[in-house]
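**Student:** This is protein25.txt (compact mmCIF, C-alpha atoms).
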```txt
# COMPACT_ATOMS: atom_id res chain seq x y z
CA MET A 1 33.51 11.20 -2.78
CA ASN A 2 29.71 10.88 -2.90
CA ASN A 3 28.61 8.43 -5.58
CA SER A 4 24.93 8.56 -4.58
CA LYS A 5 22.48 9.16 -7.39
CA ILE A 6 19.47 11.46 -7.27
CA LEU A 7 16.26 10.11 -8.81
CA PRO A 8 13.19 12.08 -9.93
CA LYS A 9 10.93 12.71 -6.94
CA TRP A 10 8.08 10.43 -8.00
CA GLU A 11 10.46 7.63 -8.91
CA LEU A 12 11.87 7.86 -5.40
CA ALA A 13 8.33 7.96 -4.03
CA ARG A 14 7.62 4.65 -5.75
CA TYR A 15 10.43 2.99 -3.78
CA LEU A 16 9.13 4.56 -0.56
CA ILE A 17 5.57 3.33 -1.14
CA ASP A 18 6.86 -0.13 -2.15
CA ALA A 19 8.56 -0.27 1.26
CA LYS A 20 5.36 0.99 2.91
CA LYS A 21 3.37 -1.83 1.31
CA ASN A 22 5.82 -4.33 2.78
CA VAL A 23 4.97 -2.91 6.19
CA ASP A 24 1.29 -3.34 5.28
CA THR A 25 1.98 -7.00 4.53
CA VAL A 26 3.70 -7.52 7.89
CA LEU A 27 0.80 -5.80 9.67
CA PHE A 28 -1.64 -8.11 7.84
CA ILE A 29 0.38 -11.23 8.73
CA GLU A 30 0.69 -10.20 12.40
CA LYS A 31 -3.09 -9.74 12.48
CA ASN A 32 -3.86 -13.06 10.74
CA LEU A 33 -1.15 -15.43 12.04
CA ASN A 34 -3.56 -18.16 13.03
CA GLU A 35 -5.35 -18.20 9.66
CA LEU A 36 -2.13 -18.17 7.64
CA GLY A 37 -0.52 -21.06 9.51
CA ASP A 38 2.79 -22.39 8.23
CA ILE A 39 3.19 -19.92 5.35
CA ALA A 40 3.27 -16.94 7.73
CA GLN A 41 7.00 -17.14 8.47
CA LYS A 42 7.96 -17.46 4.81
CA GLU A 43 5.81 -14.48 3.86
CA LEU A 44 7.16 -12.45 6.77
CA LYS A 45 10.71 -13.11 5.61
CA ASN A 46 9.90 -12.08 2.05
CA ALA A 47 8.18 -8.87 3.19
CA ARG A 48 11.05 -7.91 5.51
CA ASN A 49 13.67 -8.58 2.83
CA ASN A 50 11.75 -6.56 0.25
CA PHE A 51 11.31 -3.79 2.80
CA CYS A 52 15.06 -3.56 3.36
CA ASN A 53 15.77 -3.49 -0.38
CA SER A 54 13.15 -0.83 -1.16
CA THR A 55 14.12 1.31 1.82
CA CYS A 56 17.79 1.22 0.86
CA ASN A 57 16.82 2.06 -2.73
CA VAL A 58 15.35 5.29 -1.38
CA LEU A 59 18.44 6.08 0.68
CA ASP A 60 20.81 5.23 -2.17
CA ASN A 61 19.21 7.88 -4.38
CA ILE A 62 18.95 11.06 -2.30
CA GLY A 63 22.48 12.33 -2.83
CA ILE A 64 23.80 11.53 0.67
CA ALA A 65 26.59 9.01 1.09
CA LYS A 66 25.73 5.74 2.83
CA LYS A 67 28.65 6.12 5.24
CA ILE A 68 27.35 9.47 6.46
CA LEU A 69 23.78 8.22 6.84
CA CYS A 70 24.85 5.16 8.82
CA SER A 71 27.14 7.12 11.13
CA GLU A 72 24.43 9.65 12.01
CA GLU A 73 21.26 7.53 12.22
CA PRO A 74 21.09 4.20 14.14
CA LEU A 75 17.87 3.15 12.40
CA ILE A 76 19.40 3.76 8.98
CA ASN A 77 22.50 1.84 9.95
CA MET A 78 20.25 -1.01 11.10
CA VAL A 79 18.36 -1.35 7.80
CA TYR A 80 21.53 -1.08 5.71
CA THR A 81 23.24 -3.72 7.86
CA GLU A 82 20.27 -6.05 7.53
CA ARG A 83 20.24 -5.54 3.76
CA ASP A 84 23.98 -6.09 3.36
CA LYS A 85 24.52 -8.95 5.81
CA ASN A 86 21.24 -10.88 5.73
CA VAL A 87 19.32 -10.01 2.54
CA SER A 88 21.91 -9.50 -0.21
CA HIS A 89 23.97 -12.37 1.17
CA LYS A 90 24.23 -14.32 4.42
CA ASP A 91 26.93 -13.31 6.86
CA VAL A 92 27.47 -16.20 9.27
CA ASN A 93 28.56 -13.81 12.02
CA TYR A 94 25.57 -11.50 11.67
CA GLU A 95 22.97 -11.53 14.46
CA GLN A 96 19.63 -10.95 12.76
CA VAL A 97 17.33 -8.19 14.02
CA CYS A 98 13.60 -8.85 14.47
CA PHE A 99 12.00 -6.54 11.93
CA ASP A 100 8.44 -6.33 13.25
CA SER A 101 5.88 -3.80 12.03
CA LYS A 102 6.65 -1.28 14.80
CA LEU A 103 10.36 -1.16 13.96
CA MET A 104 9.66 -1.05 10.23
CA LYS A 105 7.27 1.90 10.67
CA ASN A 106 9.86 3.80 12.71
CA ILE A 107 12.55 3.15 10.11
CA LEU A 108 10.35 4.28 7.23
CA ARG A 109 9.25 7.43 9.04
CA LYS A 110 12.91 8.25 9.62
CA VAL A 111 13.72 7.58 5.95
CA LYS A 112 10.87 9.84 4.83
CA LYS A 113 12.16 12.60 7.09
CA ILE A 114 15.75 12.27 5.84
CA ALA A 115 14.64 12.13 2.20
CA LYS A 116 12.10 14.95 2.55
CA LYS A 117 13.80 17.31 0.09
CA SER A 118 14.06 14.55 -2.52
CA LEU A 119 10.43 13.40 -2.24
CA PRO A 120 7.19 15.04 -3.45
CA ASP A 121 5.73 17.36 -0.81
CA VAL A 122 2.35 15.59 -0.93
CA ILE A 123 3.60 12.04 -0.25
CA THR A 124 2.21 10.33 2.87
CA LEU A 125 2.63 7.01 4.64
CA ASN A 126 -0.81 5.49 5.15
CA PHE A 127 -0.10 2.19 6.88
CA LEU A 128 -2.73 -0.51 6.38
CA ALA A 129 -3.02 -4.10 7.59
CA TRP A 130 -3.34 -5.41 4.05
CA ASP A 131 -1.90 -7.86 1.53
CA SER A 132 -3.89 -8.56 -1.64
CA THR A 133 -2.52 -12.06 -2.26
CA LEU A 134 -2.75 -13.28 1.34
CA PHE A 135 -6.25 -11.84 1.79
CA ARG A 136 -7.48 -13.81 -1.22
CA LEU A 137 -5.73 -16.92 0.08
CA ILE A 138 -7.44 -16.68 3.48
CA ARG A 139 -10.86 -16.01 1.95
CA GLY A 140 -10.47 -18.61 -0.80
CA ILE A 141 -11.10 -16.03 -3.53
CA ASN A 142 -10.24 -17.08 -7.07
CA LYS A 143 -10.84 -15.03 -10.23
CA LYS A 144 -14.43 -16.26 -10.67
CA LYS A 145 -15.39 -15.50 -7.08
CA GLU A 146 -13.76 -12.05 -7.29
CA GLU A 147 -15.77 -11.21 -10.40
CA GLU A 148 -18.95 -12.31 -8.60
CA ILE A 149 -18.12 -10.07 -5.61
CA LEU A 150 -17.42 -7.05 -7.83
CA LYS A 151 -20.61 -7.59 -9.82
CA LYS A 152 -22.71 -7.93 -6.67
CA ARG A 153 -21.17 -4.80 -5.17
CA SER A 154 -21.82 -2.77 -8.32
CA GLU A 155 -25.46 -3.89 -8.40
CA ARG A 156 -26.08 -3.21 -4.70
CA ILE A 157 -24.38 0.20 -4.65
CA SER A 158 -26.19 1.49 -7.73
CA GLY A 159 -29.03 3.66 -6.46
CA ASN A 160 -28.42 2.67 -2.82
CA GLU A 161 -28.71 5.33 -0.12
CA LEU A 162 -25.21 4.36 1.08
CA THR A 163 -23.63 5.44 -2.20
CA SER A 164 -22.03 8.51 -0.61
CA TYR A 165 -20.06 6.26 1.76
CA SER A 166 -19.28 3.68 -0.90
CA SER A 167 -18.16 5.97 -3.72
CA ALA A 168 -14.69 4.47 -3.63
CA PHE A 169 -16.21 1.27 -4.97
CA SER A 170 -18.13 2.70 -7.93
CA ASN A 171 -17.60 1.06 -11.31
CA SER A 172 -14.47 2.31 -13.10
CA ASP A 173 -14.39 -0.32 -15.83
CA MET A 174 -16.18 1.74 -18.47
CA ILE A 175 -13.42 3.01 -20.77
CA ASP A 176 -14.02 4.75 -24.07
CA ALA A 177 -12.72 2.74 -27.01
CA GLY A 178 -10.73 5.76 -28.21
CA TYR A 179 -8.34 5.55 -25.29
CA HIS A 180 -5.43 3.21 -24.68
CA VAL A 181 -5.00 1.87 -21.13
CA PHE A 182 -1.41 2.55 -20.19
CA ASN A 183 -0.11 0.12 -17.57
CA GLY A 184 3.62 0.83 -17.56
CA ILE A 185 5.67 3.83 -16.47
CA GLU A 186 8.77 3.24 -18.59
CA LYS A 187 7.29 4.66 -21.80
CA PRO A 188 8.95 8.04 -22.42
CA LEU A 189 6.70 11.09 -22.51
CA LYS A 190 7.96 12.12 -25.96
CA SER A 191 6.52 8.93 -27.51
CA ARG A 192 2.99 9.51 -26.25
CA VAL A 193 0.27 10.02 -28.84
CA GLY A 194 -2.10 11.80 -26.46
CA ASN A 195 -4.80 9.20 -25.85
CA GLU A 196 -3.26 7.10 -23.08
CA ILE A 197 -4.99 6.72 -19.74
CA ILE A 198 -4.12 5.02 -16.45
CA THR A 199 -7.00 3.36 -14.60
CA PHE A 200 -7.55 3.74 -10.87
CA LYS A 201 -8.83 0.32 -9.78
CA ASN A 202 -11.32 -0.04 -6.97
CA GLY A 203 -9.99 -3.22 -5.41
CA LEU A 204 -11.91 -5.75 -3.37
CA THR A 205 -11.78 -3.77 -0.13
CA GLU A 206 -11.23 -0.24 1.11
CA GLU A 207 -7.62 -1.08 1.99
CA GLU A 208 -6.88 -2.50 -1.43
CA GLY A 209 -8.54 0.51 -3.07
CA ILE A 210 -6.19 2.87 -1.21
CA GLN A 211 -3.13 0.89 -2.29
CA PHE A 212 -4.31 0.66 -5.91
CA ARG A 213 -5.09 4.36 -6.14
CA GLN A 214 -1.74 5.41 -4.74
CA ASP A 215 0.08 3.07 -7.13
CA SER A 216 -1.90 4.48 -10.06
CA ALA A 217 -1.19 8.03 -8.90
CA ILE A 218 2.56 7.38 -8.95
CA SER A 219 2.30 5.88 -12.45
CA SER A 220 0.23 8.87 -13.59
CA ASN A 221 2.67 11.38 -12.14
CA LEU A 222 5.63 9.72 -13.82
CA THR A 223 3.86 9.24 -17.14
CA PHE A 224 2.03 12.54 -17.48
CA ASP A 225 4.31 14.78 -15.38
CA ILE A 226 1.62 15.78 -12.86
CA GLY A 227 1.48 15.65 -9.04
CA ILE A 228 -1.68 13.95 -7.72
CA TRP A 229 -1.79 11.93 -4.49
CA PRO A 230 -4.92 10.27 -3.00
CA ILE A 231 -5.14 9.87 0.76
CA PRO A 232 -7.88 8.44 3.00
CA ASN A 233 -10.39 10.96 4.36
CA PRO A 234 -10.48 10.46 8.18
CA GLU A 235 -14.13 11.51 8.51
CA ASP A 236 -15.26 9.18 5.73
CA GLN A 237 -13.15 6.37 7.23
CA ILE A 238 -14.95 6.76 10.55
CA LYS A 239 -18.37 6.65 8.84
CA TYR A 240 -17.34 3.72 6.66
CA GLN A 241 -15.95 1.76 9.63
CA GLU A 242 -19.14 2.40 11.58
CA LEU A 243 -21.21 0.96 8.73
CA LYS A 244 -19.01 -2.15 8.69
CA ASN A 245 -19.12 -2.55 12.46
CA LYS A 246 -22.91 -2.37 12.40
CA GLY A 247 -23.07 -4.92 9.59
CA ILE A 248 -24.72 -2.46 7.21
CA ILE A 249 -21.97 -3.15 4.67
CA ASP A 250 -19.59 -6.11 4.53
CA GLU A 251 -15.80 -6.17 4.16
CA TYR A 252 -16.16 -5.72 0.39
CA GLY A 253 -18.30 -2.60 0.75
CA ILE A 254 -21.50 -4.39 -0.28
CA PRO A 255 -24.69 -2.99 1.34
CA GLN A 256 -26.48 -5.79 3.20
CA GLU A 257 -30.17 -6.70 3.24
CA LYS A 258 -31.97 -5.30 6.31
CA GLU A 259 -32.70 -8.74 7.72
CA HIS A 260 -28.97 -9.55 7.74
CA VAL A 261 -27.87 -6.42 9.62
CA THR A 262 -26.75 -6.79 13.24
CA VAL A 263 -26.20 -3.43 14.94
CA PHE A 264 -23.64 -3.06 17.73
CA PRO A 265 -21.62 -0.06 19.04
CA LEU A 266 -18.77 1.41 17.03
CA SER A 267 -15.47 -0.01 18.18
CA ASN A 268 -12.58 2.23 19.18
CA SER A 269 -10.34 1.28 16.28
CA GLU A 270 -7.46 3.64 15.63
CA LEU A 271 -7.41 5.11 12.13
CA ASN A 272 -4.21 5.21 10.12
CA LYS A 273 -2.72 8.67 10.29
CA ASN A 274 -0.80 10.48 7.58
CA ASP A 275 2.88 10.71 8.42
```
Would you put the structure from the file into structure tokens?
**Tutor:**
Amino acid sequence: MNNSKILPKWELARYLIDAKKNVDTVLFIEKNLNELGDIAQKELKNARNNFCNSTCNVLDNIGIAKKILCSEEPLINMVYTERDKNVSHKDVNYEQVCFDSKLMKNILRKVKKIAKKSLPDVITLNFLAWDSTLFRLIRGINKKKEEEILKKRSERISGNELTSYSSAFSNSDMIDAGYHVFNGIEKPLKSRVGNEIITFKNGLTEEEGIQFRQDSAISSNLTFDIGIWPIPNPEDQIKYQELKNKGIIDEYGIPQEKEHVTVFPLSNSELNKND
């Protein structure tokens, strides 16, 4: 007997993207091991555990029995075993698997493929080396410093010739007083009064902006029964990365003064692809 539940597509997508963001965290930690020091292993463990939980939440809610999934797909059996024997509780006889970013990506791609019929058609996996909390820790960014960065970026971008490449960082804080900012997704549609909005935050960096926008899209789709999904534009990413590599803009998207710009060739960095 199959006791698996079937969730609404965008609710399932939220679990999938939560798991994807755990991969992003692992990618960020792998890239910044030296700067993170002793906290790296603890954060890696948390990200891997959360990844297993979120991934299994997807699989538990697509209407296919766990036993069948595990018998047919080695990667699915691996993530379920890790969840059951090392995350939910500790099995003394269990030999832990090293869940690095490569393995986690492969597992999540497989999960997305298996759950295809239960997920929105537009959903993508845009892997990023990013973690909002750890980035701020490394850069020593508190609330005051973040506000200063955002203010400086807004002032520099306004009227700047680079605006077309920095549009993702335009000011989105101006909200009409007649609207109510809706931050949750649990409020039932029938109780809406018609003036709720969900903000799409810019974030400190391009990577954070992508994560924020996709989170807000999921909330919007669940709240307002629509189907939007923002994805990075490869051509704009190339242009944006070139501007950063040449020092024309910094990691926060702030256009730099001419005397501070150091031009060097565009590096051959691989862009994240939609899966």
**Student:** Near Ile39 of chain A, counting all atoms listed in the file, which residues have an atom at most 12 Å away, once you skip same-chain residues fewer than 6 positions from it, shown as an NGL selection string?
**Tutor:** :A and (29 or 32-33 or 45-46 or 134 or 137-138)
**Student:** As a PyMOL selection string, please: the residues near Met104 of chain A (cut-off 12 Å, only C-alpha atoms, same-chain neighbours under 5 positions excluded).
**Tutor:** chain A and resi 19-27+47-52+54-55+75-76+78-79+97-99+109-111+127
**Student:** Which of these, A:Pro74, A:Pro120, A:Gly253, A:Gly140, has the shortest distance to Asn221 of chain A once you count all atoms listed in the file?
**Tutor:**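 Looking only at the distances to Asn221 of chain A, the closest residue turns out to be A:Pro120.
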**Student:** Atom CA of Asn53 of chain A and atom CA of Asp84 of chain A, how far apart in Å?
**Tutor:** 9.4 Å
**Student:** Counting only C-alpha atoms, which of A:Leu44, A:Ile210, A:Leu16, A:Leu119 gets nearest to Lys105 of chain A?
**Tutor:**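 Closest to Lys105 of chain A of all the choices is A:Leu16.
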**Student:** To one decimal place in Å, what is the distance between atom CA of Glu155 of chain A and atom CA of Gln237 of chain A?
**Tutor:** 22.4 Å
**Student:** Select all residues near (-19.7, -0.8, 0.3) (cut-off 7 Å, inclusive, file coordinates), counting only C-alpha atoms, and output them as a list in words.
**Tutor:**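 Residues with an atom at most 7 Å from (-19.7, -0.8, 0.3): Arg153, Ile157, Ser166, Phe169, Ile249, Asp250, Tyr252, Gly253, Ile254 and Pro255 of chain A.
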**Student:** For the atom pair atom CA of Asn77 of chain A and atom CA of Ile62 of chain A, what is the interatomic distance in Å to one decimal place?
**Tutor:**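 Taking atom CA of Asn77 of chain A and atom CA of Ile62 of chain A, their separation equals 15.7 Å.
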**Student:** Check the smallest atom-to-atom distance from each of A:Ile248, A:Ile218, A:Ile197, A:Leu150 to Ala13 of chain A using all atoms listed in the file, then report the winner.
**Tutor:** A:Ile218
**Student:** Rank A:Phe212, A:Asp100, A:Ile231, A:Lys113 by their smallest atom-to-atom distance to Gln41 of chain A, using only C-alpha atoms, and report the top residue only.
**Tutor:**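 Looking only at the distances to Gln41 of chain A, the closest residue turns out to be A:Asp100.
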**Student:** Taking only C-alpha atoms into account, which of A:Asp121, A:Val92, A:Tyr80, A:Thr199 comes nearest Ile228 of chain A?
**Tutor:**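 Smallest distance to Ile228 of chain A is found for A:Asp121.
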**Student:** Place a sphere of radius 10 Å on (0.4, 9.6, -12.6) in the file coordinates and name every protein, DNA or RNA residue with an atom inside or on its surface, counting all atoms listed in the file; give the answer as a list in words.
**Tutor:**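 Those within range, by chain then number, are Trp10, Ile185, Ile197, Ile198, Thr199, Arg213, Gln214, Asp215, Ser216, Ala217, Ile218, Ser219, Ser220, Asn221, Leu222, Thr223, Phe224, Asp225, Ile226, Gly227, Ile228 and Trp229 of chain A.
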**Student:** Restricting the calculation to only C-alpha atoms, which member of A:Asn202, A:Ser118, A:Ser154, A:Asn57 is positioned closest to Pro8 of chain A?
**Tutor:** A:Ser118
**Student:** Box for segment 48-53 of chain A: with edges along x, y and z, all listed atoms inside and 6 Å added on each side, what are the centre and edge lengths in Å to one decimal, as JSON?
**Tutor:**
```
{"center_x": 13.4, "center_y": -6.0, "center_z": 2.6, "size_x": 16.7, "size_y": 17.1, "size_z": 17.9}
```
